[in-house]
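Next comes structure-v1.json, with JSON, C-alpha atoms.
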[["chain", "number", "residue", "atom", "x", "y", "z"],
["A", 1, "GLN", "CA", 0.78, -6.89, 19.51],
["A", 2, "ASP", "CA", 1.35, -6.64, 23.26],
["A", 3, "GLU", "CA", 3.50, -9.76, 23.21],
["A", 4, "LEU", "CA", 5.56, -8.40, 20.33],
["A", 5, "ASN", "CA", 6.17, -5.14, 22.20],
["A", 6, "GLU", "CA", 7.36, -7.10, 25.25],
["A", 7, "TRP", "CA", 9.72, -9.21, 23.11],
["A", 8, "MET", "CA", 11.36, -6.08, 21.71],
["A", 9, "VAL", "CA", 11.93, -4.63, 25.18],
["A", 10, "GLU", "CA", 13.12, -7.98, 26.55],
["A", 11, "GLY", "CA", 15.64, -8.40, 23.71],
["A", 12, "ALA", "CA", 17.00, -4.87, 24.08],
["A", 13, "ARG", "CA", 17.38, -5.27, 27.86],
["A", 14, "LYS", "CA", 19.44, -8.42, 27.24],
["A", 15, "GLY", "CA", 21.83, -6.27, 25.19],
["A", 16, "LEU", "CA", 20.68, -7.62, 21.83],
["A", 17, "SER", "CA", 20.24, -5.48, 18.75],
["A", 18, "VAL", "CA", 16.56, -5.86, 17.96],
["A", 19, "CYS", "CA", 15.33, -5.42, 14.40],
["A", 20, "ARG", "CA", 11.62, -4.88, 13.88],
["A", 21, "LEU", "CA", 11.33, -5.57, 10.16],
["A", 22, "LYS", "CA", 8.21, -4.28, 8.48],
["A", 23, "GLY", "CA", 7.12, -4.30, 4.85],
["A", 24, "GLY", "CA", 6.78, -0.85, 3.28],
["A", 25, "ASP", "CA", 6.32, 2.23, 5.42],
["A", 26, "PRO", "CA", 5.31, 1.12, 8.93],
["A", 27, "PHE", "CA", 4.11, 4.63, 9.79],
["A", 28, "LEU", "CA", 1.46, 4.70, 7.05],
["A", 29, "PHE", "CA", -1.57, 3.14, 8.78],
["A", 30, "GLY", "CA", 0.77, 0.81, 10.63],
["A", 31, "ARG", "CA", 1.60, 0.44, 14.29],
["A", 32, "ALA", "CA", 5.15, 1.73, 14.24],
["A", 33, "THR", "CA", 4.31, 4.86, 16.24],
["A", 34, "GLU", "CA", 2.62, 2.80, 18.96],
["A", 35, "GLU", "CA", 5.53, 0.35, 19.08],
["A", 36, "ILE", "CA", 8.11, 3.13, 19.33],
["A", 37, "GLN", "CA", 6.16, 4.87, 22.09],
["A", 38, "PHE", "CA", 6.09, 1.59, 24.03],
["A", 39, "VAL", "CA", 9.84, 1.06, 23.64],
["A", 40, "LEU", "CA", 10.67, 4.67, 24.55],
["A", 41, "LYS", "CA", 8.63, 4.35, 27.77],
["A", 42, "HIS", "CA", 11.16, 1.68, 28.74],
["A", 43, "ASN", "CA", 14.11, 4.06, 28.07],
["A", 44, "ILE", "CA", 15.31, 2.13, 25.04],
["A", 45, "SER", "CA", 16.63, 4.07, 22.05],
["A", 46, "VAL", "CA", 15.14, 3.60, 18.60],
["A", 47, "LYS", "CA", 16.52, 4.06, 15.10],
["A", 48, "VAL", "CA", 14.11, 4.18, 12.15],
["A", 49, "ILE", "CA", 15.31, 3.21, 8.70],
["A", 50, "PRO", "CA", 12.63, 4.41, 6.25],
["A", 51, "GLY", "CA", 10.99, 2.07, 3.78],
["A", 52, "ILE", "CA", 9.07, 2.77, 0.61],
["A", 53, "SER", "CA", 5.33, 2.55, 1.04],
["A", 54, "SER", "CA", 3.40, -0.05, -0.92],
["A", 55, "SER", "CA", 1.04, 2.80, -1.79],
["A", 56, "MET", "CA", 3.76, 4.05, -4.14],
["A", 57, "CYS", "CA", 5.83, 1.07, -5.19],
["A", 58, "SER", "CA", 3.08, -1.47, -5.86],
["A", 59, "SER", "CA", 1.51, 0.75, -8.52],
["A", 60, "LEU", "CA", 4.82, 0.88, -10.37],
["A", 61, "CYS", "CA", 5.15, -2.89, -10.12],
["A", 62, "ALA", "CA", 1.82, -3.06, -11.95],
["A", 63, "GLY", "CA", 2.97, -0.63, -14.62],
["A", 64, "VAL", "CA", 0.76, 2.19, -13.37],
["A", 65, "PRO", "CA", 2.27, 5.50, -12.27],
["A", 66, "ILE", "CA", 0.40, 6.97, -9.31],
["A", 67, "THR", "CA", 0.34, 10.44, -10.91],
["A", 68, "SER", "CA", 0.72, 11.76, -14.43],
["A", 69, "ARG", "CA", 0.76, 15.39, -15.49],
["A", 70, "GLY", "CA", -2.62, 16.48, -16.79],
["A", 71, "VAL", "CA", -4.26, 13.20, -15.74],
["A", 72, "ALA", "CA", -3.95, 12.94, -11.96],
["A", 73, "ASN", "CA", -2.60, 15.83, -9.93],
["A", 74, "GLN", "CA", -3.50, 14.51, -6.47],
["A", 75, "ILE", "CA", -3.06, 11.32, -4.49],
["A", 76, "CYS", "CA", -5.33, 10.19, -1.71],
["A", 77, "ILE", "CA", -4.04, 7.33, 0.43],
["A", 78, "ALA", "CA", -6.68, 5.76, 2.64],
["A", 79, "THR", "CA", -7.01, 2.71, 4.86],
["A", 80, "GLY", "CA", -9.74, 0.10, 4.68],
["A", 81, "HIS", "CA", -9.64, -0.48, 8.44],
["A", 82, "GLY", "CA", -9.80, 2.11, 11.17],
["A", 83, "ARG", "CA", -8.68, 1.60, 14.74],
["A", 84, "ASP", "CA", -10.38, -1.32, 16.50],
["A", 85, "ASN", "CA", -11.57, -2.62, 13.11],
["A", 86, "SER", "CA", -13.88, 0.37, 12.53],
["A", 87, "PHE", "CA", -14.82, 1.46, 9.01],
["A", 88, "PRO", "CA", -12.81, 4.60, 8.15],
["A", 89, "ASN", "CA", -14.08, 7.89, 6.76],
["A", 90, "LEU", "CA", -13.92, 7.73, 2.99],
["A", 91, "PRO", "CA", -12.51, 10.48, 0.75],
["A", 92, "GLU", "CA", -14.66, 12.58, -1.54],
["A", 93, "TYR", "CA", -14.51, 12.07, -5.30],
["A", 94, "LYS", "CA", -12.22, 14.28, -7.38],
["A", 95, "GLU", "CA", -11.86, 13.68, -11.09],
["A", 96, "LYS", "CA", -8.07, 14.10, -11.33],
["A", 97, "CYS", "CA", -7.11, 12.16, -8.23],
["A", 98, "SER", "CA", -5.53, 8.74, -7.73],
["A", 99, "TYR", "CA", -7.00, 6.83, -4.81],
["A", 100, "VAL", "CA", -4.89, 4.21, -3.06],
["A", 101, "PHE", "CA", -6.48, 1.94, -0.45],
["A", 102, "LEU", "CA", -4.31, -0.10, 1.89],
["A", 103, "MET", "CA", -5.53, -2.92, 4.12],
["A", 104, "ALA", "CA", -8.89, -2.91, 2.35],
["A", 105, "MET", "CA", -9.20, -6.29, 0.58],
["A", 106, "SER", "CA", -11.50, -7.84, 3.17],
["A", 107, "ARG", "CA", -13.85, -4.86, 2.72],
["A", 108, "LEU", "CA", -13.59, -4.40, -1.03],
["A", 109, "GLU", "CA", -17.21, -5.24, -1.81],
["A", 110, "ILE", "CA", -18.69, -2.79, 0.70],
["A", 111, "LEU", "CA", -15.97, -0.23, -0.04],
["A", 112, "SER", "CA", -16.83, -0.24, -3.75],
["A", 113, "LYS", "CA", -20.55, 0.14, -3.04],
["A", 114, "LYS", "CA", -19.97, 2.98, -0.56],
["A", 115, "LEU", "CA", -17.70, 4.86, -2.97],
["A", 116, "MET", "CA", -20.22, 4.55, -5.80],
["A", 117, "GLY", "CA", -22.93, 5.74, -3.40],
["A", 118, "MET", "CA", -20.78, 8.81, -2.69],
["A", 119, "GLY", "CA", -20.55, 9.73, -6.37],
["A", 120, "PHE", "CA", -17.50, 7.80, -7.56],
["A", 121, "PRO", "CA", -18.24, 6.65, -11.15],
["A", 122, "SER", "CA", -18.89, 2.91, -11.43],
["A", 123, "SER", "CA", -16.75, 2.99, -14.60],
["A", 124, "MET", "CA", -13.72, 4.43, -12.74],
["A", 125, "ALA", "CA", -10.63, 2.36, -13.58],
["A", 126, "ALA", "CA", -9.48, 0.06, -10.78],
["A", 127, "THR", "CA", -6.41, -2.10, -10.25],
["A", 128, "ILE", "CA", -5.41, -4.43, -7.44],
["A", 129, "ILE", "CA", -1.81, -5.47, -6.95],
["A", 130, "GLU", "CA", -1.52, -8.53, -4.72],
["A", 131, "LYS", "CA", 1.83, -9.44, -3.16],
["A", 132, "ALA", "CA", 3.67, -6.67, -5.04],
["A", 133, "THR", "CA", 7.38, -7.19, -5.77],
["A", 134, "THR", "CA", 7.22, -10.94, -5.11],
["A", 135, "LYS", "CA", 7.18, -13.85, -7.55],
["A", 136, "HIS", "CA", 3.53, -14.33, -6.52],
["A", 137, "GLN", "CA", 2.56, -10.83, -7.62],
["A", 138, "GLN", "CA", -0.84, -10.72, -9.28],
["A", 139, "ILE", "CA", -2.45, -7.76, -11.04],
["A", 140, "ILE", "CA", -6.22, -7.52, -11.43],
["A", 141, "LYS", "CA", -7.79, -4.79, -13.53],
["A", 142, "GLY", "CA", -11.37, -3.68, -13.88],
["A", 143, "ASN", "CA", -13.53, -0.78, -12.83],
["A", 144, "LEU", "CA", -15.01, 0.23, -9.51],
["A", 145, "GLU", "CA", -18.16, -1.77, -10.17],
["A", 146, "SER", "CA", -16.43, -4.97, -11.37],
["A", 147, "ILE", "CA", -13.21, -5.10, -9.33],
["A", 148, "TYR", "CA", -14.66, -7.04, -6.41],
["A", 149, "VAL", "CA", -15.99, -9.80, -8.68],
["A", 150, "GLU", "CA", -12.76, -9.90, -10.70],
["A", 151, "SER", "CA", -10.60, -10.15, -7.58],
["A", 152, "SER", "CA", -12.86, -12.85, -6.10],
["A", 153, "LYS", "CA", -12.53, -14.95, -9.26],
["A", 154, "ARG", "CA", -8.74, -14.76, -8.92],
["A", 155, "GLY", "CA", -8.72, -15.47, -5.17],
["A", 156, "VAL", "CA", -6.94, -12.25, -4.23],
["A", 157, "LYS", "CA", -5.98, -11.95, -0.56],
["A", 158, "SER", "CA", -3.97, -9.48, 1.50],
["A", 159, "PRO", "CA", -1.43, -8.04, 1.23],
["A", 160, "ALA", "CA", -2.85, -6.11, -1.70],
["A", 161, "THR", "CA", -3.02, -2.50, -2.80],
["A", 162, "ILE", "CA", -6.17, -1.14, -4.44],
["A", 163, "ILE", "CA", -5.76, 1.77, -6.86],
["A", 164, "LEU", "CA", -8.56, 3.78, -8.44],
["A", 165, "GLY", "CA", -8.33, 6.62, -10.92],
["A", 166, "PRO", "CA", -7.57, 7.89, -14.39],
["A", 167, "VAL", "CA", -3.84, 7.07, -14.30],
["A", 168, "ILE", "CA", -4.65, 3.38, -14.72],
["A", 169, "SER", "CA", -5.84, 3.79, -18.29],
["A", 170, "ASN", "CA", -3.43, 6.62, -19.20],
["A", 171, "ILE", "CA", -0.19, 4.63, -19.50],
["A", 172, "GLU", "CA", 0.70, 1.07, -18.75],
["A", 173, "TRP", "CA", 3.72, -1.10, -19.07],
["A", 174, "HIS", "CA", 4.23, -4.66, -17.99],
["A", 175, "GLN", "CA", 6.85, -5.17, -15.37],
["A", 176, "ASN", "CA", 8.28, -8.53, -14.51],
["A", 177, "PRO", "CA", 10.64, -8.43, -11.51],
["A", 178, "GLU", "CA", 12.47, -11.50, -12.83],
["A", 179, "ILE", "CA", 13.48, -9.90, -16.15],
["A", 180, "GLU", "CA", 17.14, -9.06, -16.62],
["A", 181, "TYR", "CA", 17.75, -6.87, -19.65],
["A", 182, "GLU", "CA", 20.47, -8.13, -21.96],
["A", 183, "SER", "CA", 20.20, -5.12, -24.28],
["A", 184, "GLY", "CA", 17.67, -2.57, -25.35],
["A", 185, "GLY", "CA", 15.95, -2.24, -21.95],
["A", 186, "ILE", "CA", 15.61, 0.86, -19.83],
["A", 187, "SER", "CA", 15.77, 0.83, -16.06],
["A", 188, "TYR", "CA", 14.66, 3.74, -13.91],
["A", 189, "PHE", "CA", 16.26, 4.23, -10.51],
["A", 190, "THR", "CA", 15.60, 6.59, -7.65],
["A", 191, "ARG", "CA", 18.39, 7.72, -5.40],
["A", 192, "PHE", "CA", 19.23, 9.92, -2.47],
["A", 193, "LEU", "CA", 21.41, 12.89, -3.30],
["A", 194, "ASP", "CA", 24.37, 13.71, -1.10],
["A", 195, "GLU", "CA", 24.25, 17.29, 0.04]]

I need this file expressed as structure tokens, please.
Amino acid sequence: QDELNEWMVEGARKGLSVCRLKGGDPFLFGRATEEIQFVLKHNISVKVIPGISSSMCSSLCAGVPITSRGVANQICIATGHGRDNSFPNLPEYKEKCSYVFLMAMSRLEILSKKLMGMGFPSSMAATIIEKATTKHQQIIKGNLESIYVESSKRGVKSPATIILGPVISNIEWHQNPEIEYESGGISYFTRFLDE
């Protein structure tokens, strides 16, 4: 990380336009804030172009909305790794909540056990989306008790998003990023509105 910070400053001082490309939202459990603080200390200006967090888009790539009226009215986004590789504080269980864990694959077994020990139902629906939006995307479904074994059988590695909650079994569609609709398909788009 230190070397990367130095490279950014070095490039900018040479008059180059430096692009720090990150997947998803680099401010959500990422190091973007630390990197920007480092660059600003060297009197270099910064422009942030927002990205869409994997906590939101990967669920849709798996055909699972992150909320659904009457099913899940809250979202809890948590990390599997705290600063200096510490284990983070875990959220409390709420029946109508979707739980999204980022950077948690290497701790999935212990995470599942800790959550069940805190009162999360072992039968709670669970989905893992590995390498979302790529041709290597893989979707693993199970429940809180079985998801570690299921993901191990399939060799799931990071980057992956873990989703728990009732939305998983409420509605589901299969999304293939390589499909191009000739006719009869529906595409949903999000957009920014001009004011």

Next on the checklist: Applying 9 Å and only C-alpha atoms, which residues near Ile52 in chain A remain after dropping the ones on its own chain fewer than 3 positions away? List them as a list in words.
Outcome noted: Gly23, Gly24, Asp25, Ser55, Met56 and Cys57 of chain A

Expected file contents, prior selection, C-alpha atoms, as an mmCIF file, in the coordinates of the input:
data_model
loop_
_atom_site.group_PDB
_atom_site.id
_atom_site.type_symbol
_atom_site.label_atom_id
_atom_site.label_comp_id
_atom_site.auth_asym_id
_atom_site.auth_seq_id
_atom_site.Cartn_x
_atom_site.Cartn_y
_atom_site.Cartn_z
ATOM 1 C CA GLY A 23 7.120 -4.300 4.850
ATOM 2 C CA GLY A 24 6.780 -0.850 3.280
ATOM 3 C CA ASP A 25 6.320 2.230 5.420
ATOM 4 C CA SER A 55 1.040 2.800 -1.790
ATOM 5 C CA MET A 56 3.760 4.050 -4.140
ATOM 6 C CA CYS A 57 5.830 1.070 -5.190
#

Checklist entry - Residues at most 10 Å from Ala125 in chain A, counting all atoms listed in the file, excluding those fewer than 2 positions away in the same chain, as a count of residues only? => result 18

Next on the checklist: Please list as a list in words every residue within 8 Å of Val39 in chain A, counting all atoms listed in the file and excluding residues in the same chain fewer than 4 positions away.
Outcome noted: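 My list of contacting residues is Asn5, Met8, Val9, Glu35, Asn43, Ile44, Ser45 and Val46 of chain A.
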
Next on the checklist: Counting only C-alpha atoms, which residues sit no farther than 6 Å from the position (-5.3, -5.2, -2.6) in the file's frame? I'd like them as a ChimeraX atom specification.
Outcome noted: /A:105,128-130,160-162

Checklist entry - Distance CA of Tyr93 in chain A-CA of Gly70 in chain A, one decimal place? => result 17.1 Å

Next on the checklist: Nearest residue to Cys61 in chain A out of A:Ala126, A:Leu90, A:Glu34, A:Thr133, using only C-alpha atoms?
Outcome noted: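 Comparing A:Ala126, A:Leu90, A:Glu34, A:Thr133 against Cys61 in chain A, the winner is A:Thr133.
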
Item to check | For CA of Phe27 in chain A and CA of His136 in chain A, the interatomic separation in Å (one decimal) | outcome: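 Computing the Euclidean distance for CA of Phe27 in chain A and CA of His136 in chain A yields 25.0 Å.
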